Every structure is written in structure tokens, then in C-alpha cells.
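Peer 1: The structure is given below, and queries will be raised subsequently.
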Amino acid sequence: MSHATSYELFINGKWRAASNRATLPVINPATEKVFGSVASATVSDLGEALASAERSRKAWSSRPVKERGEILVAAARILATKAVDAANDLSVEQGKTIAEATGEYARAVETLKWNGTHAEKLSAPIPLGPNRMIVPEPLGVVAAFTPWNYPAVLIARKLAPALAAGCPVILKGAEETPSAAVHIVEALRHAGVPDGVVNLVFGVPVHISRHLLSSSIVKVLTFTGSTAVGKQLATLAANNLQRCVLELGGHSPVVVCADADLAQAVPAISEYKFECAGQSCNAPSRILVARTLYQEFLSRMTEAARKIKIGPPDDPATEMGPMANARRIEAMQRLIQDAVDRGARIETGGTRLDQPGFYWPPTILTGVPKDAKVLHDEPFGPILTVAPFDTIEEAIEEANATEYGLAAYFFTDAANAKRALIDGLSAGAVSVNYLKGVSADAPYGGIKQSGYGYEGGDQGVRSFQSLKMVNGLGS
Ligand code: NAD
């Protein structure tokens with residue numbers, strides 16, 4: 001298994017080092033050792049990326065949309081042939097298991113394909129009776145900033161719809177996990193994306209975003225990351241009124257009702273919660289259980305959490321790898337200490353594993369007081385809180401008692417409870433007896449402090465279009 005150890009910038013159709021040859025280290029979270037480097041763009045590199053994206057804009061936006069779609073479908077095919085190596089690279093950098101990384105690449109491939117297949121339909125004029133129509137038009141150059149937790153699929157969810165819509169992109173990949181951006185950009189290049197249409201930069205995030213968003217060349221900002229950074233970026237984007245798509249944090253509840261089938265609910269929660277060591281924006285983090293089921297649920301959930309096999313991500317027996325970086329370990333320590341200081345009880349887990357690597361075991365907290373930070377700050381790690389409830393109204397109130405509004409889940413077959421929960425839960429996505437929900441063909445986006453705008457489905461492409469209203473056609 002070979003891994004590239006130095007990743008470059010891709011500007012105006014060429015791979016190259018930063019103009020001052022600056023690099024940043026890439027760390028293997030399973031060993032905490034530096035194993036590679038990534039180029040760190042200078043202001044002059046960013047200026048070139050902006051200029052090349054702008055130069056390519058007219059030709060790309062006026063290219064027949066059918067051809068843009070075909071390029072995306074071809075890129076999907078190329079990426080699929082590279083997926084085994086790409087998944088290995090991702091696993092080494094990020095810490096997720098090979099199986100998780102492989103699954104992520106499958107979703108990235110599907111996303112490229114879906115947007116390629118639907119590009120033509122989504123750029124077609126929309127008639128509004130005999131005299132009027134709406135003409136979708138590409139907004140222009142996109143600045144896309146993507147994080148390290150799902151670097152492959154989240155890049156695909158930004159690049160594919162932007163390119164389908166006819167917009168050039170300057171992508172800032174995650175410096176901690178650069179290979180995904182490199183593999184996807186390579187697939188696009190081989191598929192025939194012209195020079196300048198996709199540019200890839202890495203570097204100091206705050207410098208890159210400040211520089212790119214201060215340019216009037218950039219027309220759209222699309223970002224996935226924390227709410228705090230999302231607000232800073234939206235503030236920068238306000239100066240040029242760049243359109244924003246912000247996929248920010250989450251703190252997702254699961255409501256387990258009295259009729260829930262625990263044989264279904266517990267494995268579903270365990271599997272989705274501990275995927276990617278809990279570092280998913282829509283991972284469940286607060287479990288609310290009907291009091292009649294509470295003890296039984298807690299004992300099954302604790303058993304399931306204890307059974308998860310933690311280990312090196314390239315070991316096929318491993319079910320959960322390390323966390324991605326030292327910041328997450330510090331965050332786990334801080335949140336758990338705060339909860340315990342306020343009287344919470346640790347049912348399992350609770351301390352870092354005593355070995356090299358950023359390993360944190362699945363952790364379950366009970367008796368967590370309402371003011372504990374773990375109930376308010378996005379945990380973004382393998383921590384679950386479990387609490388009982390007596391009525392559906394109380395469960396909804398507790399579920400909504402966070403500033404986030406990304407995803408919510410519940411388990412019941414009772415029609416009244418279903419209706420009340422679907423209507424009452426404040427979240428961009430609600431899933432019933434099921435814990436996934438992000439797909440290439442459907443819009444996904446948060447409410448409240450989880451952001452605004454949509455990725456996925458038709459809306460994902462519309463995020464990069466203006467809708468020109470044309471009146472008086474029959475006159
Ligand atoms: P962070 O907010 O500093 O960084 C998150 C991502 O945003 C990183 O990829 C980073 O490179 C990028 N980023 C940071 N500052 C930026 C800037 N000024 N301009 C452009 N990009 C910038 O936090 P972190 O410690 O890396 O991650 C932890 C927190 O981030 C979590 O608590 C979680 O809330 C959030 N996060 C959310 C998602 C998500 O899927 N919504 C993904 C990753 C991280």
C-alpha cells in the first residue's frame with residue numbers, strides 16, 4: 001500500500017508547490033506521527049487561482065450543459081477505479097476504518113454521477129405559462145471550503161453541483177486530510193474539466209478565506225464546518241454579498257418511544273453514532289428514552305458501546321478508529337470533565353485510551369444536568385448522553401433544547417407519536433426508525449445555528465444558480 005506523502009496545489013490545470021515552497025505537516029492520527037506534507041498557498045498563489053477561475057468562467061458556463069454532465073459522469077467512473085487506493089489514503093490521514101473510507105468514496109462517486117446525470121434538466125428553462133419563463137444561470141466563481149471528517153463526499157457535494165451549474169470552483173481542501181481533494185480533482189482533470197475550472201488550494205484557513213472572500217470574483221461561498229467559523233465566513237461574505245451555503249454543526253437527538261423495538265434501535269444508534277469516531281455533523285448525540293424502557297435501553301446501549309472494537313483503522317477487525325486530531329481529544333476531556341463536575345455519571349468510556357494515537361472509547365453519560373456543556377456544545381466525538389422522558393411533549397421540548405437544528409431521529413410505530421415528532425422536532429432532517437439521511441438526490445441543510453442553504457438534490461445545484469425571470473415572451 002503506497003501513500004503519496006506530499007500534496008500540491010492545483011492551479012490553472014497544473015499541480016505545483018506553493019510559490020514560496022511552504023508546506024504544512026500531515027499527521028497520522030493512529031500514530032500521532034507526521035507522515036506527509038501539504039503545500040500552503042501564498043497570497044500570490046491565491047491570486048493566480050482567482051484569476052484562472054475567472055478566465056475559465058465564460059467558456060465553462062457556456063459549454064453545452066450536456067457536456068458538463070458527461071464530464072462529471074466520467075469523473076465518477078474514474079474515481080470509482082481509484083477508490084481502493086483513495087480509501088486507504090483517507091483512512092491513514094483521517095483515522096476512519098477502511099470500510100468507512102470505502103463507503104465514503106462510494107457516496108462521492110454517486111454524488112458526481114447524480115449531478116452529472118441531472119445537470120441538463122437543472123439548467124433547462126422552466127416555463128411559466130405561454131409568456132414567461134425562468135432561466136437558471138450559473139452565478140460565477142465558487143469558493144468551497146471543506147472539512148476533514150468526510151473530505152471525499154463533502155467535496156463531491158460541493159464541486160459536483162457547482163460544476164453542473166456551470167460555475168468554476170476554488171476548493172480549499174482540509175489540510176489535515178488532503179488526499180481526498182487531490183484524488184477528486186485528479187478524476188475531474190482526467191475526465192476533461194478544462195484548466196482553471198477547478199483549482200485546489202490548501203494553507204492557513206483564515207488567510208485563504210479572507211483573501212478569497214475579499215475578491216469580487218467570488219460569487220458563492222460554500223462551507224462545511226463549525227458554527228463559529230461559519231459566522232466568520234458569512235461576515236466576510238457580506239462585504240461582497242456573496243451567496244452562502246453553510247453546513248454547520250449539529251447536536252442531534254434520538255427519541256426512543258415506549259413502543260420502540262430496542263433490537264432495532266440500539267444497533268442502529270450504535271452504528272451511526274460511532275461511525276468516523278462520532279465526528280459526523282449529524283451523528284446522534286442526545287438519546288431521550290421513554291421512562292418505561294430507560295433501564296433496558298441503557299443496559300443494551302452500554303453493552304453495544306463496550307463491544308465496539310477500537311483499533312488501527314487499517315485492521316479489518318477494527319470497528320472504530322482514532323479521532324482525527326488532538327483538538328478532538330481535548331474537547332472530549334473538557335466536555336466530560338464539565339459534565340462529571342456537575343454531577344453526571346459515566347456509564348462506559350470517559351477517558352482517552354492509554355496508547356499512542358488519538359483513541360477515545362465510546363462514552364455514555366447519564367444524569368447530565370441541563371446546564372452541562374455536553375448538552376449544548378457540539379460533541380463531535382463518540383459521546384452519547386442518555387436521559388428518560390415521560391411524555392412526547394417533554395421529549396420534543398428536550399430534543400429542541402439546543403441551538404442546533406441539523407438532524408433528529410426517533411423510534412416509534414405509533415401514528416400519533418410519529419405525527420407529533422415529525423411536526424415538533426426542530427431540524428433540517430427527521431428520520432423515523434432509521435439513522436441515515438444524507439443522499440445525493442435529496443436536499444440536506446440545517447436550521448437555527450446549523451446553517452442555511454442546501455446541498456444535495458435539485459436544490460444543491462440551485463445553490464449555484466441565479467434564476468433569471470423572463471417576462472413578456474408572447475408579446
Ligand atoms: P474548525 O471550525 O476550526 O474547522 C473546521 C473546518 O473548517 C476545518 O476543515 C478547517 O480547515 C476549516 N476552517 C477553519 N477556519 C476556517 C476559515 N477561517 N476559513 C475557511 N475554513 C476554515 O474546527 P475543527 O477543530 O477543525 O473541527 C471541530 C469543529 O468543527 C467541531 O466541533 C464541529 O462543530 C465542526 N465541524 C463540523 C463539520 C460538519 O460536518 N458540519 C465538519 C468538521 C468540523
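Lettering and numbering for the C-alpha cells are positional, with chains as A, B, ... in the shown order, residues counted from 1 in each chain, and ligands counted from 1 in the shown order.
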Which residues come within 6 Å of range 241-252 of chain A, counting only C-alpha atoms, excluding same-chain residues fewer than 2 positions away, as a PyMOL selection string?
Peer 2: chain A and resi 219-227+237-239+281-282+284-285+378+404+406-408+450-453
Peer 1: Which residues, written as a list in words, have at least one atom at most 8 Å from Ala160 in chain A, with only C-alpha atoms counted and residues fewer than 6 positions away on the same chain left out?
Peer 2: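 Non-adjacent residues within range: Leu72, Thr111, Leu112, Asn115 and Gly116 of chain A.
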Peer 1: Please save C-alpha atoms of the selected residues as a short mmCIF file (atom, residue, chain, number, x, y, z; two decimals), in the first residue's frame.
Peer 2:
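As a result, result_25.cif now contains:
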data_model
loop_
_atom_site.label_atom_id
_atom_site.label_comp_id
_atom_site.auth_asym_id
_atom_site.auth_seq_id
_atom_site.Cartn_x
_atom_site.Cartn_y
_atom_site.Cartn_z
CA LEU A 72 -18.98 14.64 -14.15
CA THR A 111 -22.73 12.27 -5.95
CA LEU A 112 -20.62 13.07 -9.02
CA ASN A 115 -25.17 15.70 -10.53
CA GLY A 116 -23.76 14.78 -13.93
#
Peer 1: Distance table requested - chain A against ligand 1, cut-off 9 Å, only C-alpha atoms and all ligand atoms: one row per qualifying residue with the closest atom pair and its distance in Å to one decimal, ordered by chain and rising residue number, as a Markdown table.
Peer 2:
| residue | atom | partner | partner_atom_place_in_ligand_line | distance |
| --- | --- | --- | --- | --- |
| A:Ala144 | CA | ligand 1 | 20 (C) | 8.6 |
| A:Phe145 | CA | ligand 1 | 21 (N) | 5.5 |
| A:Thr146 | CA | ligand 1 | 9 (O) | 5.6 |
| A:Pro147 | CA | ligand 1 | 9 (O) | 3.2 |
| A:Trp148 | CA | ligand 1 | 9 (O) | 5.1 |
| A:Asn149 | CA | ligand 1 | 43 (C) | 5.4 |
| A:Tyr150 | CA | ligand 1 | 40 (O) | 7.3 |
| A:Pro151 | CA | ligand 1 | 9 (O) | 8.6 |
| A:Leu154 | CA | ligand 1 | 40 (O) | 8.1 |
| A:Lys172 | CA | ligand 1 | 21 (N) | 7.5 |
| A:Gly173 | CA | ligand 1 | 9 (O) | 7.4 |
| A:Ala174 | CA | ligand 1 | 9 (O) | 4.6 |
| A:Glu175 | CA | ligand 1 | 11 (O) | 6.3 |
| A:Glu176 | CA | ligand 1 | 9 (O) | 7.5 |
| A:Thr177 | CA | ligand 1 | 9 (O) | 8.6 |
| A:Phe202 | CA | ligand 1 | 11 (O) | 8.8 |
| A:Gly203 | CA | ligand 1 | 11 (O) | 8.6 |
| A:Val204 | CA | ligand 1 | 11 (O) | 7.9 |
| A:Pro205 | CA | ligand 1 | 17 (C) | 4.3 |
| A:Val206 | CA | ligand 1 | 18 (N) | 3.5 |
| A:His207 | CA | ligand 1 | 18 (N) | 7.1 |
| A:Ile208 | CA | ligand 1 | 19 (N) | 6.5 |
| A:Ser209 | CA | ligand 1 | 19 (N) | 4.5 |
| A:Arg210 | CA | ligand 1 | 18 (N) | 7.3 |
| A:Phe223 | CA | ligand 1 | 21 (N) | 7.3 |
| A:Thr224 | CA | ligand 1 | 41 (N) | 5.0 |
| A:Gly225 | CA | ligand 1 | 37 (C) | 3.6 |
| A:Ser226 | CA | ligand 1 | 35 (C) | 3.6 |
| A:Thr227 | CA | ligand 1 | 34 (O) | 6.4 |
| A:Ala228 | CA | ligand 1 | 2 (O) | 6.5 |
| A:Val229 | CA | ligand 1 | 2 (O) | 5.2 |
| A:Gly230 | CA | ligand 1 | 2 (O) | 7.8 |
| A:Gln232 | CA | ligand 1 | 18 (N) | 6.9 |
| A:Leu233 | CA | ligand 1 | 19 (N) | 6.5 |
| A:Leu246 | CA | ligand 1 | 41 (N) | 8.7 |
| A:Glu247 | CA | ligand 1 | 41 (N) | 5.5 |
| A:Leu248 | CA | ligand 1 | 41 (N) | 4.2 |
| A:Gly249 | CA | ligand 1 | 41 (N) | 4.4 |
| A:Gly250 | CA | ligand 1 | 41 (N) | 6.9 |
| A:Gln279 | CA | ligand 1 | 43 (C) | 7.3 |
| A:Ser280 | CA | ligand 1 | 40 (O) | 5.7 |
| A:Cys281 | CA | ligand 1 | 40 (O) | 4.2 |
| A:Asn282 | CA | ligand 1 | 40 (O) | 7.5 |
| A:Asn325 | CA | ligand 1 | 25 (O) | 8.1 |
| A:Ala326 | CA | ligand 1 | 25 (O) | 8.9 |
| A:Arg327 | CA | ligand 1 | 25 (O) | 5.8 |
| A:Arg328 | CA | ligand 1 | 25 (O) | 6.8 |
| A:Ala331 | CA | ligand 1 | 32 (O) | 8.2 |
| A:Asp377 | CA | ligand 1 | 32 (O) | 7.7 |
| A:Glu378 | CA | ligand 1 | 32 (O) | 5.5 |
| A:Pro379 | CA | ligand 1 | 32 (O) | 6.4 |
| A:Phe380 | CA | ligand 1 | 32 (O) | 5.4 |
| A:Gly381 | CA | ligand 1 | 32 (O) | 8.6 |
| A:Ser450 | CA | ligand 1 | 41 (N) | 7.9 |
Peer 1: Which residues come within 9 Å of Val201 in chain A, counting only C-alpha atoms, excluding same-chain residues fewer than 5 positions away, as a ChimeraX atom specification?
Peer 2: /A:8-11,39-41,45-46,49,170-173,208
Peer 1: For the residues in that selection, give me C-alpha atoms as a PDB file, in the first residue's frame.
Peer 2:
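File produced: out-v2.pdb:
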ATOM      1  CA  GLU A   8       0.403  20.039  -4.002  1.00  0.00           C
ATOM      2  CA  LEU A   9      -1.827  22.863  -5.130  1.00  0.00           C
ATOM      3  CA  PHE A  10      -3.717  22.598  -8.422  1.00  0.00           C
ATOM      4  CA  ILE A  11      -3.929  25.977 -10.133  1.00  0.00           C
ATOM      5  CA  ALA A  39       1.544  22.818   0.177  1.00  0.00           C
ATOM      6  CA  SER A  40       0.482  26.033   1.907  1.00  0.00           C
ATOM      7  CA  ALA A  41      -0.725  28.621  -0.602  1.00  0.00           C
ATOM      8  CA  ASP A  45      -0.971  31.506  -5.381  1.00  0.00           C
ATOM      9  CA  LEU A  46      -4.472  32.551  -4.320  1.00  0.00           C
ATOM     10  CA  ALA A  49      -6.298  30.687  -8.534  1.00  0.00           C
ATOM     11  CA  ILE A 170     -11.633  27.294  -5.966  1.00  0.00           C
ATOM     12  CA  LEU A 171     -11.609  24.481  -3.445  1.00  0.00           C
ATOM     13  CA  LYS A 172      -9.805  24.735  -0.133  1.00  0.00           C
ATOM     14  CA  GLY A 173      -9.418  21.125   0.932  1.00  0.00           C
ATOM     15  CA  ILE A 208      -7.274  31.743   2.486  1.00  0.00           C
TER      16      ILE A 208
END
Peer 1: Out of A:Ile27, A:Met320, A:Ala99, A:Ala187, which residue has the shortest atom-to-atom distance to Thr81 in chain A when counting only C-alpha atoms?
Peer 2: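 Nearest candidate to Thr81 in chain A out of A:Ile27, A:Met320, A:Ala99, A:Ala187: A:Ala187.
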Peer 1: Could you name the residues that touch range 345-353 of chain A at 9 Å or less, counting only C-alpha atoms, but leaving out those on the same chain fewer than 5 positions away, as a list in words?
Peer 2: Leu298, Thr302, Glu303, Ala305, Arg306, Ile329, Met332, Gln333, Ile336, Gln337, Ala339, Val340, Phe358, Tyr359, Trp360, Pro361, Pro362, Thr363, Ile364, Leu365, Thr366, Gly367, Val368 and Ile383 of chain A
Peer 1: Using only C-alpha atoms for the distances, tell me which of A:Lys309, A:Ala399, A:His183, A:Ser215 is nearest to Arg286 in chain A.
Peer 2: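 Looking only at the distances to Arg286 in chain A, the closest residue turns out to be A:Ala399.
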Peer 1: Return the single residue from A:Ala277, A:Ala51, A:Ala108, A:Val142 that is closest to Glu319 in chain A, with distances computed using only C-alpha atoms.
Peer 2: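 Looking only at the distances to Glu319 in chain A, the closest residue turns out to be A:Ala277.
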Peer 1: Fewer than 4 positions away in the same chain doesn't count, so skip those; otherwise give me all residues within 7 Å of range 130-133 of chain A, counting only C-alpha atoms, as a PyMOL selection string.
Peer 2: chain A and resi 125-126+469-474
Peer 1: Could you dump the residues just selected with N, CA and C atoms as an mmCIF file, in the first residue's frame?
Peer 2:
data_model
loop_
_atom_site.group_PDB
_atom_site.id
_atom_site.type_symbol
_atom_site.label_atom_id
_atom_site.label_comp_id
_atom_site.auth_asym_id
_atom_site.auth_seq_id
_atom_site.Cartn_x
_atom_site.Cartn_y
_atom_site.Cartn_z
ATOM 1 N N PRO A 125 -34.516 25.920 -19.101
ATOM 2 C CA PRO A 125 -35.504 26.950 -18.755
ATOM 3 C C PRO A 125 -36.768 26.312 -18.193
ATOM 4 N N ILE A 126 -37.393 27.010 -17.263
ATOM 5 C CA ILE A 126 -38.610 26.495 -16.629
ATOM 6 C C ILE A 126 -39.770 27.365 -17.122
ATOM 7 N N MET A 469 -35.722 35.744 -14.352
ATOM 8 C CA MET A 469 -37.148 35.757 -14.711
ATOM 9 C C MET A 469 -37.289 36.459 -16.058
ATOM 10 N N VAL A 470 -37.875 35.784 -17.031
ATOM 11 C CA VAL A 470 -38.068 36.382 -18.359
ATOM 12 C C VAL A 470 -39.573 36.546 -18.585
ATOM 13 N N ASN A 471 -39.988 37.794 -18.800
ATOM 14 C CA ASN A 471 -41.422 38.102 -18.933
ATOM 15 C C ASN A 471 -41.749 38.541 -20.366
ATOM 16 N N GLY A 472 -42.984 38.408 -20.747
ATOM 17 C CA GLY A 472 -43.476 39.007 -21.992
ATOM 18 C C GLY A 472 -43.026 38.300 -23.247
ATOM 19 N N LEU A 473 -42.825 36.972 -23.161
ATOM 20 C CA LEU A 473 -42.322 36.237 -24.326
ATOM 21 C C LEU A 473 -43.292 36.272 -25.500
ATOM 22 N N GLY A 474 -44.578 36.234 -25.199
ATOM 23 C CA GLY A 474 -45.572 36.156 -26.275
ATOM 24 C C GLY A 474 -45.953 37.524 -26.835
#
Peer 1: Can you measure CA of Trp114 in chain A to CA of Val153 in chain A for me? One decimal in Å is fine.
Peer 2: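 About the pair CA of Trp114 in chain A and CA of Val153 in chain A: they are 12.7 Å apart.
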Peer 1: Residues of range 444-473 of chain A classed as strand (DSSP E) by DSSP on the backbone are to be reported as an MDAnalysis selection string.
Peer 2: chainID A and resid 447:448 451:452 465:470
Peer 1: Neighbouring residues of Val198 in chain A were defined as those with any atom within 8 Å, considering only C-alpha atoms; residues of the same chain fewer than 2 positions away were excluded. Please report them as a list in words.
Peer 2: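 My reading of the contact set: Phe10, Ile11, Asn12, Gly13, Ala53, Pro168, Val169, Ile170, Leu171, Val185, Val193, Pro194, Asp195, Gly196 and Leu200 of chain A.
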Peer 1: Run DSSP on the backbone and give me the residues of range 170-393 of chain A it puts in helix (DSSP H, G or I), as number ranges by chain.
Peer 2: A: 179-191, 205-213, 227-240, 262-278, 291-307, 326-341, 373-375, 392-393
Peer 1: Quick one: pull the distance between CA of Leu288 in chain A and CA of Pro253 in chain A, Å, one decimal.
Peer 2: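 Here the two named atoms are 7.2 Å from each other.
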Peer 1: In Å, with one decimal, what is the gap from CA of Ala395 in chain A to CA of Tyr294 in chain A?
Peer 2: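 A separation of 13.0 Å between them.
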